Protein chains: 4
Amino acid sequence: MGNTTGRLFRITTFGESHGPAVGVTIDGCPPRLSIDGAEIQRDLDRRKPGQSRITTQRKELDLVEILSGVDQGLSTGTPITLLVRNQDARGKDYSEMREKYRPSHADFSYQQKYGIRSVEGGGRASARETIARVAAGSVAEVLLKKHGIQVLAWVESVQELSIDMRDDEVTAEAIEANDVRCPDPEMAVQMFARIDAMRKAGDSIGGIIRCVARGVPVGLGSPVFDKLEAELAKAMMSIPASKGFEIGSGFAGTLMSGSAHNDAFYGDKDGRIRTRTNFSGGIQGGISNGEDLRMRVAFKPTATILMEQESVDKAGNATTIKGRGRHDPCVLPRAVPIVEAMAKLVLADHLLLHRGQMGASK
Amino acid sequence: MGNTTGRLFRITTFGESHGPAVGVTIDGCPPRLSIDGAEIQRDLDRRKPGQSRITTQRKELDLVEILSGVDQGLSTGTPITLLVRNQDARGKDYSEMREKYRPSHADFSYQQKYGIRSVEGGGRASARETIARVAAGSVAEVLLKKHGIQVLAWVESVQELSIDMRDDEVTAEAIEANDVRCPDPEMAVQMFARIDAMRKAGDSIGGIIRCVARGVPVGLGSPVFDKLEAELAKAMMSIPASKGFEIGSGFAGTLMSGSAHNDAFYGDKDGRIRTRTNFSGGIQGGISNGEDLRMRVAFKPTATILMEQESVDKAGNATTIKGRGRHDPCVLPRAVPIVEAMAKLVLADHLLLHRGQMGASK
Amino acid sequence: MGNTTGRLFRITTFGESHGPAVGVTIDGCPPRLSIDGAEIQRDLDRRKPGQSRITTQRKELDLVEILSGVDQGLSTGTPITLLVRNQDARGKDYSEMREKYRPSHADFSYQQKYGIRSVEGGGRASARETIARVAAGSVAEVLLKKHGIQVLAWVESVQELSIDMRDDEVTAEAIEANDVRCPDPEMAVQMFARIDAMRKAGDSIGGIIRCVARGVPVGLGSPVFDKLEAELAKAMMSIPASKGFEIGSGFAGTLMSGSAHNDAFYGDKDGRIRTRTNFSGGIQGGISNGEDLRMRVAFKPTATILMEQESVDKAGNATTIKGRGRHDPCVLPRAVPIVEAMAKLVLADHLLLHRGQMGASK
Amino acid sequence: MGNTTGRLFRITTFGESHGPAVGVTIDGCPPRLSIDGAEIQRDLDRRKPGQSRITTQRKELDLVEILSGVDQGLSTGTPITLLVRNQDARGKDYSEMREKYRPSHADFSYQQKYGIRSVEGGGRASARETIARVAAGSVAEVLLKKHGIQVLAWVESVQELSIDMRDDEVTAEAIEANDVRCPDPEMAVQMFARIDAMRKAGDSIGGIIRCVARGVPVGLGSPVFDKLEAELAKAMMSIPASKGFEIGSGFAGTLMSGSAHNDAFYGDKDGRIRTRTNFSGGIQGGISNGEDLRMRVAFKPTATILMEQESVDKAGNATTIKGRGRHDPCVLPRAVPIVEAMAKLVLADHLLLHRGQMGASK
């Protein structure tokens, strides 16, 4: 369970790190959308390992194959399955991992839950699982673009190194201009140096990814349990290593007074109702209000570190374990496309849900 | 849509603020649980208005009626419906609210989504909807208690007024000992004064609620999309006025290094595998690891304030609007039982999901 | 579980025969539909007991109350809850039913599944549960009418007494013109006499209800598991006492050759593509093709009979049990509105699902 | 949508007839079940084309590959994906099918619903889709066997040629002993001759498959909408070419009186409560009662026939179309494993649902 998300634009993912493949089936995609394997590949390339020396050096091409649901470049309305074969399943020695639990990994909890686990590379708990999310998000994006919606995420902070840019000044080009995916080039240099220093030390760090969605129509989201921010929170908190989520003012908003926090309405020159501020983060009562969606996601430092750590073996005996080989000293640069994918999937689903109940998306 | 949550322990809520009633149907509740209307009432009383001068003075008894699913005090395994009639639907003049949008309320987004809304008291977007959550959470608690699980929430901060207590020192008694529901009695006095000052000023404030779940067995939660923290995040972010969610180290964890953040394993004297620290917040790989669950939820200042604010009417014309009458200057004291209820509902559902797939909850 | 059906037009029902009430919550209903309590009541009146001497003489007014989701006569897009209080919970002696299992009732299987059951009147397994279906179907009908869809069901046979009318000759008026709800007035007289004779004998009989849906647009239904006929089959087979379902040619179609069975296409004078015959029953590949939907549902003889029958008590000891008092000697006349309701609910859901994925219902 | 079924034991299928592959992802499978590719292959071989001269001569090996969720032969509790590559996508000329609608196929309704379709071989509407069902059913069977449940289906009739055997006399060996999959060897010869004659005539025929489930524990199924017979009905009516479903006495039961139809209870010599007859088909009140489940499924004559038929082209112009090449003159022999698979999937899901709510499967 737990490998399906969405109700109308619904995806199911599968695959272990060192199994034959990882993949995703997208059910409910509207027909006659242009689905281009090359574009999906471009998104996967933003997530793949080995992009720079601050990402894991694991060698994977992550080439996507479209198995179904696309005919002559168009979606047919039937399930779209995207498959990525695993290649770098090299004969590393996993005998230690089989016996000992890596701290702050899923080894222990998976073993206890299932009484079995795919040990190699973390199996299903590996971040390779997120390939499926990015591939599906790429399909969702085709739908969103038709509705004028753009989703953008970037690294806002690495530890205490943090940028202070206005959301509307950030461009996709600025984000992709450096290996950190931070739109402030000077801060990106500092962040890179910090991450690289951590890498050399065999340690790891975390940070915050900021995500905005522009052009979201008024009316997406549902009252009560499926509020748009609730759906986004779940989507983001399902990403490996995420520890916190904020919409709009978030935790900082708890320091404000209501008179400062309330977003005053006004009519703009085009007759559109807007808000002066956007502490709401584009969502009121669980429903988008036409302003940009604004979110932040906290990522912990990578659990894999190349240091000796206290642990236990399966029998509960005290031992130590030390990460080896290739790892991401900081997940953030590669997590940026994953955060974008999750936002896209939620929005695509709610676009369809909205027009299902209402008959048209406004 | 959006009024149902959970898969095996599944609730559906209904009702508007000034309609005849609000209520909930719980489907999938295990049979032969002792369901006591008086206990549900006790939980509802913790949420009801008029508890002290820092909560809204709206008069509602919020008396619960059990309509189905209980026979001679025991759940029968069929749907349990709990109903609370609305009483204080007094003849207030809502003509202004009918025409103007209250800032940072759901008026505008509901109107745009549906082309219609129940104006009085906010209709479905009213916090009265949370009566249904608390009532359902009370039933979930019966199941959790059988499994030795205790959920506890309290006010950790009001604006910058914040306590610093160890989670395991907090008791239900200390929380309920004051009107703020802050377990530190001295800080509670300060918080009360702050909230009361805001009330007199016609303004409002927010803060943070902390929630722990003790005695959670290892193994609850599912990989990938339905990770336990993702489910909790969705549940909490669906509460009116919530703006942020953290599990374990949360945003603060982004400042740490991996070597400091990783939770080392050890075997305790009873042979149970534990972690030295709990930055993971009791969940690893989306699955509970047997440590206490630790969450924080940020609440914005109440949107209703007794001040003149810039807004527009339905036609988009500039106007002003001012809240009147009774309101909560700070939602936190009454939100405590709601946060608890949402945590209970998620855990009850995952208890059943776990034993569904695995055959037994460990 | 099992008390919710539908995905976008989704209903959840609750209530036991002799509990305080039965009811339904409809989530996902499009907004601004005219919801009239009097029309819902009219549908409930077609289902209620005591309509004639061939239905049970139990006295229930089955008055519906709208608890939520309707504002000034219009649906608001939020959950609509409809409640019917039980009235005739008279102090009958249920001590025998508490100890013995009635043959072909749900007593034994409920008791074994749940280890508890509401004994009086069959509890949740009582046909009173279908009140909720009829009430919800009445709301669904408002949506269907806007799309030009009409659903009609009638009694086609009682035991071997069977009519032979063309579907398109049957009208609502003809069906409602007699107590049996058989559109052939002469056969209705015979059926009435047969049922009445069975009533006098303390025995019971079954028969077949035929159901058509006219004006169904092309395109409703989904491939593979949620084929429209599969959804209809589930809906019909969930009605108490139903034992069989057919779409189009049904079991009789197994005797034909493909060359006789295939429905040839032709273009009618309005340029619409039609089929010469309709052995498909209006559905091809799981998707409606624009022809009338044609179904048949088999109902077994009522399980309650006023005769001594072999049975066992809860301890497994041999005993006998005899039904007493009021019962329906034949469920069909009152099942007609239930069959209609289930068809309406399936079609309403698929209308919304279709426009959710496709963007418009054609 | 519509490509997922089940709630806890949940499958999602994908793939078109002439696309790269068809496959299935099974989510929620309990861990540590022995999953053997060779056993899945054995089940697929019972479904594959070219088994005898009365099945289509299309050449497909239908070799299954396990892509995920299995480690060293054991299920890991994570999604199991089974993939079958399409091989016989030979360069047949589909230009006629692209323009004209084949009668009683899904061509027209798919085209109208989606505005696009995969033409070759029927695309998603091809019976090749059922490969995924059989593969998934094979995994479900591993779970069922652990609980002592056996599912068996066979050809009961081909047109009017019908066997009359007691259910409990039928064995898997007798069914597999001939190409028709009819356990009565003499009738099998007649059926074979009839099918073969139809094949030579370029025509097609249908018939009835009977299915029993033995060893089903008391208590599976849910009240109201998810009654076990309703779930089975949906599952069976989702199989291509199925037109009718019966549980227990089915349509024939409508001719009986209640006194004859009721299944009297008795205690057998082992103290187990049984019924004298089984007109209920093993289900009462939607919940299994411990007797064998008994179902019948009607299959229409194959829509593909090698005869000239009246039809229209996409523009609505009158034309004719004639099937060519390879087809199944009668789907029944190959549908037997599909019927079994669907029954297994429903039972596996309800086993898990039952123990989820109840804590143990009895």
# chains A, B, ... in the order shown; residues from 1 in each chain; ligands from 1

$ residues_around --residues "Gln41 of chain A" --least-positions-apart "5" --cutoff "12 Å" --atoms "only C-alpha atoms" --output "number ranges by chain"
A: 35-36, 46-48, 61-66, 82-84, 131-132, 134-139

$ write_last_selection --atoms "C-alpha atoms" --output "compact mmCIF listing (two decimals), in the first residue's frame"
# COMPACT_ATOMS: atom_id res chain seq x y z
CA ILE A 35 3.71 13.23 -24.48
CA ASP A 36 7.34 13.50 -25.50
CA ARG A 46 17.81 17.03 -13.60
CA ARG A 47 17.29 14.37 -10.95
CA LYS A 48 19.86 11.81 -11.99
CA LEU A 61 21.62 6.93 -17.22
CA ASP A 62 18.02 6.64 -16.07
CA LEU A 63 16.69 6.25 -19.58
CA VAL A 64 12.92 6.27 -19.74
CA GLU A 65 10.82 3.93 -21.89
CA ILE A 66 7.14 4.60 -22.59
CA LEU A 82 7.03 4.85 -17.83
CA LEU A 83 9.89 2.48 -17.10
CA VAL A 84 13.50 3.12 -16.14
CA ILE A 131 12.51 8.71 -10.54
CA ALA A 132 8.92 7.63 -10.92
CA VAL A 134 9.70 13.03 -11.64
CA ALA A 135 8.65 11.12 -14.75
CA ALA A 136 4.98 11.36 -13.77
CA GLY A 137 5.37 15.02 -12.89
CA SER A 138 6.66 15.62 -16.37
CA VAL A 139 3.41 14.28 -17.81

$ residues_around --residues "Ala230 of chain A" --least-positions-apart "2" --cutoff "8 Å" --atoms "only C-alpha atoms" --output "tab-separated table (two decimals) with N, CA, C and O atoms, in the first residue's frame"
chain	number	residue	atom	x	y	z
A	225	PHE	N	-10.94	17.98	4.46
A	225	PHE	CA	-9.75	17.14	4.54
A	225	PHE	C	-8.81	17.28	3.36
A	225	PHE	O	-7.63	17.03	3.47
A	226	ASP	N	-9.34	17.58	2.21
A	226	ASP	CA	-8.50	17.64	1.01
A	226	ASP	C	-8.21	19.08	0.61
A	226	ASP	O	-8.12	19.40	-0.59
A	227	LYS	N	-8.03	19.92	1.60
A	227	LYS	CA	-7.60	21.28	1.32
A	227	LYS	C	-6.34	21.24	0.45
A	227	LYS	O	-5.49	20.35	0.63
A	228	LEU	N	-6.20	22.20	-0.41
A	228	LEU	CA	-5.06	22.18	-1.32
A	228	LEU	C	-3.75	22.17	-0.56
A	228	LEU	O	-2.80	21.46	-0.94
A	232	LEU	N	-0.82	19.30	-0.67
A	232	LEU	CA	0.57	19.66	-0.96
A	232	LEU	C	1.48	19.22	0.19
A	232	LEU	O	2.59	18.72	-0.04
A	233	ALA	N	1.01	19.41	1.40
A	233	ALA	CA	1.81	19.01	2.56
A	233	ALA	C	2.09	17.51	2.52
A	233	ALA	O	3.22	17.07	2.71
A	234	LYS	N	1.05	16.75	2.24
A	234	LYS	CA	1.25	15.31	2.18
A	234	LYS	C	2.24	14.95	1.07
A	234	LYS	O	3.14	14.13	1.26
A	286	GLY	N	-8.67	26.35	2.07
A	286	GLY	CA	-8.29	25.12	1.39
A	286	GLY	C	-8.40	25.19	-0.12
A	286	GLY	O	-8.11	24.22	-0.82
B	233	ALA	N	0.95	15.08	8.20
B	233	ALA	CA	1.06	16.44	7.66
B	233	ALA	C	-0.25	16.84	7.00
B	233	ALA	O	-0.77	17.94	7.22
B	234	LYS	N	-0.80	15.94	6.19
B	234	LYS	CA	-2.07	16.25	5.55
B	234	LYS	C	-3.16	16.49	6.58
B	234	LYS	O	-3.94	17.45	6.49
B	235	ALA	N	-3.20	15.62	7.57
B	235	ALA	CA	-4.24	15.73	8.61
B	235	ALA	C	-4.13	17.07	9.32
B	235	ALA	O	-5.15	17.76	9.52
B	236	MET	N	-2.94	17.47	9.68
B	236	MET	CA	-2.77	18.71	10.44
B	236	MET	C	-3.00	19.93	9.55
B	236	MET	O	-3.61	20.91	9.98
B	237	MET	N	-2.52	19.86	8.32
B	237	MET	CA	-2.67	21.01	7.43
B	237	MET	C	-4.10	21.15	6.93
B	237	MET	O	-4.42	22.11	6.22
B	238	SER	N	-4.95	20.19	7.27
B	238	SER	CA	-6.36	20.33	6.92
B	238	SER	C	-7.14	21.05	8.01
B	238	SER	O	-8.32	21.37	7.83

$ residues_around --residues "segment 206-210 of chain A" --least-positions-apart "4" --cutoff "9 Å" --atoms "only C-alpha atoms" --output "ChimeraX atom specification"
/A:152-162,167,241,294-302,329-332,335-336,339 /B:251,253-258

$ select_by_dssp --residues "segment 216-319 of chain A" --states "helix (DSSP H, G or I)" --output "tab-separated table (two decimals) with C-alpha atoms, in the first residue's frame"
chain	number	residue	atom	x	y	z
A	224	VAL	CA	-12.13	20.09	5.01
A	225	PHE	CA	-9.75	17.14	4.54
A	226	ASP	CA	-8.50	17.64	1.01
A	228	LEU	CA	-5.06	22.18	-1.32
A	229	GLU	CA	-2.39	22.94	1.28
A	230	ALA	CA	-3.11	19.62	3.00
A	231	GLU	CA	-2.64	17.76	-0.26
A	232	LEU	CA	0.57	19.66	-0.96
A	233	ALA	CA	1.81	19.01	2.56
A	234	LYS	CA	1.25	15.31	2.18
A	235	ALA	CA	2.93	15.29	-1.23
A	236	MET	CA	6.00	17.11	0.05
A	237	MET	CA	6.28	15.22	3.31
A	250	GLY	CA	4.20	29.24	7.78
A	251	PHE	CA	5.83	29.16	11.21
A	252	ALA	CA	6.90	32.81	10.93
A	253	GLY	CA	3.24	33.73	10.65
A	254	THR	CA	2.71	32.61	14.23
A	255	LEU	CA	4.61	35.70	15.37
A	258	GLY	CA	-4.10	39.16	12.64
A	259	SER	CA	-4.25	42.77	11.51
A	260	ALA	CA	-0.80	42.40	9.95
A	261	HIS	CA	-1.35	38.88	8.64

$ residues_around --residues "Leu220 of chain A" --least-positions-apart "3" --cutoff "8 Å" --atoms "only C-alpha atoms" --output "list in words"
Val216, Pro217, Leu228, Ile287, Ser288, Leu347, His350, Leu351 and His354 of chain A; Lys113 of chain B

$ residues_around --residues "Asp71 of chain A" --least-positions-apart "6" --cutoff "9 Å" --atoms "only C-alpha atoms" --output "list of chain:residue names"
D:Gly19, D:Ile116, D:Arg117, D:Ser118

$ write_last_selection --atoms "all heavy atoms" --output "PDB file, in the first residue's frame"
ATOM      1  N   GLY D  19       1.114  -2.329 -28.262  1.00  0.00           N
ATOM      2  CA  GLY D  19       2.165  -1.490 -27.703  1.00  0.00           C
ATOM      3  C   GLY D  19       3.330  -2.354 -27.262  1.00  0.00           C
ATOM      4  O   GLY D  19       3.361  -3.559 -27.521  1.00  0.00           O
ATOM      5  N   ILE D 116      -9.549   9.757 -29.544  1.00  0.00           N
ATOM      6  CA  ILE D 116      -8.328   9.094 -30.014  1.00  0.00           C
ATOM      7  C   ILE D 116      -8.399   7.660 -29.521  1.00  0.00           C
ATOM      8  O   ILE D 116      -9.085   7.375 -28.538  1.00  0.00           O
ATOM      9  CB  ILE D 116      -7.069   9.801 -29.442  1.00  0.00           C
ATOM     10  CG1 ILE D 116      -5.780   9.210 -30.019  1.00  0.00           C
ATOM     11  CG2 ILE D 116      -7.038   9.733 -27.934  1.00  0.00           C
ATOM     12  CD1 ILE D 116      -4.522   9.970 -29.562  1.00  0.00           C
ATOM     13  N   ARG D 117      -7.754   6.733 -30.240  1.00  0.00           N
ATOM     14  CA  ARG D 117      -7.645   5.374 -29.707  1.00  0.00           C
ATOM     15  C   ARG D 117      -6.474   4.669 -30.352  1.00  0.00           C
ATOM     16  O   ARG D 117      -6.067   5.015 -31.471  1.00  0.00           O
ATOM     17  CB  ARG D 117      -8.938   4.568 -29.938  1.00  0.00           C
ATOM     18  CG  ARG D 117      -9.187   4.196 -31.374  1.00  0.00           C
ATOM     19  CD  ARG D 117     -10.612   3.732 -31.623  1.00  0.00           C
ATOM     20  NE  ARG D 117     -10.961   4.071 -32.988  1.00  0.00           N
ATOM     21  CZ  ARG D 117     -11.034   3.166 -33.992  1.00  0.00           C
ATOM     22  NH1 ARG D 117     -10.825   1.904 -33.744  1.00  0.00           N
ATOM     23  NH2 ARG D 117     -11.329   3.548 -35.208  1.00  0.00           N
ATOM     24  N   SER D 118      -5.931   3.700 -29.670  1.00  0.00           N
ATOM     25  CA  SER D 118      -4.913   2.835 -30.248  1.00  0.00           C
ATOM     26  C   SER D 118      -5.639   1.810 -31.091  1.00  0.00           C
ATOM     27  O   SER D 118      -6.343   0.953 -30.557  1.00  0.00           O
ATOM     28  CB  SER D 118      -4.114   2.147 -29.144  1.00  0.00           C
ATOM     29  OG  SER D 118      -3.398   3.086 -28.393  1.00  0.00           O
TER      30      SER D 118
END

$ residues_around --residues "Glu16 of chain A" --least-positions-apart "4" --cutoff "12 Å" --atoms "only C-alpha atoms" --output "PyMOL selection string"
(chain A and resi 20-23+84-86+89+117-132) or (chain B and resi 223-224) or (chain D and resi 66-71+76-81)

$ residues_around --residues "Met307 of chain C" --least-positions-apart "4" --cutoff "9 Å" --atoms "only C-alpha atoms" --output "list in words"
Ala201, Gly202, Asp203, Ile321, Lys322, Gly323 and Arg324 of chain C; Ser259 of chain D

$ write_last_selection --atoms "N, CA and C atoms" --output "short mmCIF file (atom, residue, chain, number, x, y, z; two decimals), in the first residue's frame"
data_model
loop_
_atom_site.label_atom_id
_atom_site.label_comp_id
_atom_site.auth_asym_id
_atom_site.auth_seq_id
_atom_site.Cartn_x
_atom_site.Cartn_y
_atom_site.Cartn_z
N ALA C 201 -50.50 -17.35 2.41
CA ALA C 201 -49.90 -18.64 2.76
C ALA C 201 -48.72 -18.49 3.71
N GLY C 202 -48.35 -17.24 3.98
CA GLY C 202 -47.18 -17.02 4.84
C GLY C 202 -45.88 -17.30 4.13
N ASP C 203 -45.94 -17.47 2.82
CA ASP C 203 -44.75 -17.77 2.03
C ASP C 203 -44.32 -16.49 1.27
N ILE C 321 -37.43 -21.94 13.82
CA ILE C 321 -37.78 -20.53 13.96
C ILE C 321 -38.85 -20.21 12.92
N LYS C 322 -39.73 -19.31 13.29
CA LYS C 322 -40.86 -18.96 12.41
C LYS C 322 -40.99 -17.45 12.39
N GLY C 323 -41.02 -16.88 11.19
CA GLY C 323 -41.20 -15.44 11.09
C GLY C 323 -42.55 -15.03 11.64
N ARG C 324 -42.60 -13.81 12.18
CA ARG C 324 -43.85 -13.35 12.76
C ARG C 324 -44.16 -11.95 12.24
N SER D 259 -40.15 -20.59 0.90
CA SER D 259 -40.03 -21.80 1.73
C SER D 259 -39.12 -22.83 1.07
#

$ atom_distance --atom1 "atom CA of Ala213 of chain A" --atom2 "atom CA of Val189 of chain A"
26.2 Å

$ select_by_dssp --residues "segment 140-332 of chain A" --states "strand (DSSP E)" --output "PyMOL selection string"
chain A and resi 150-158+161-162+207-214+242-247+265-267+273-275+283-284+287-288+293-299+308-312+318-322

$ atom_distance --atom1 "atom CA of Arg133 of chain D" --atom2 "atom CA of Ile11 of chain C"
28.6 Å

$ closest_residue --among "D:Arg42, D:His147, D:Arg58, D:Arg166" --to "chain B" --atoms "only C-alpha atoms"
D:His147
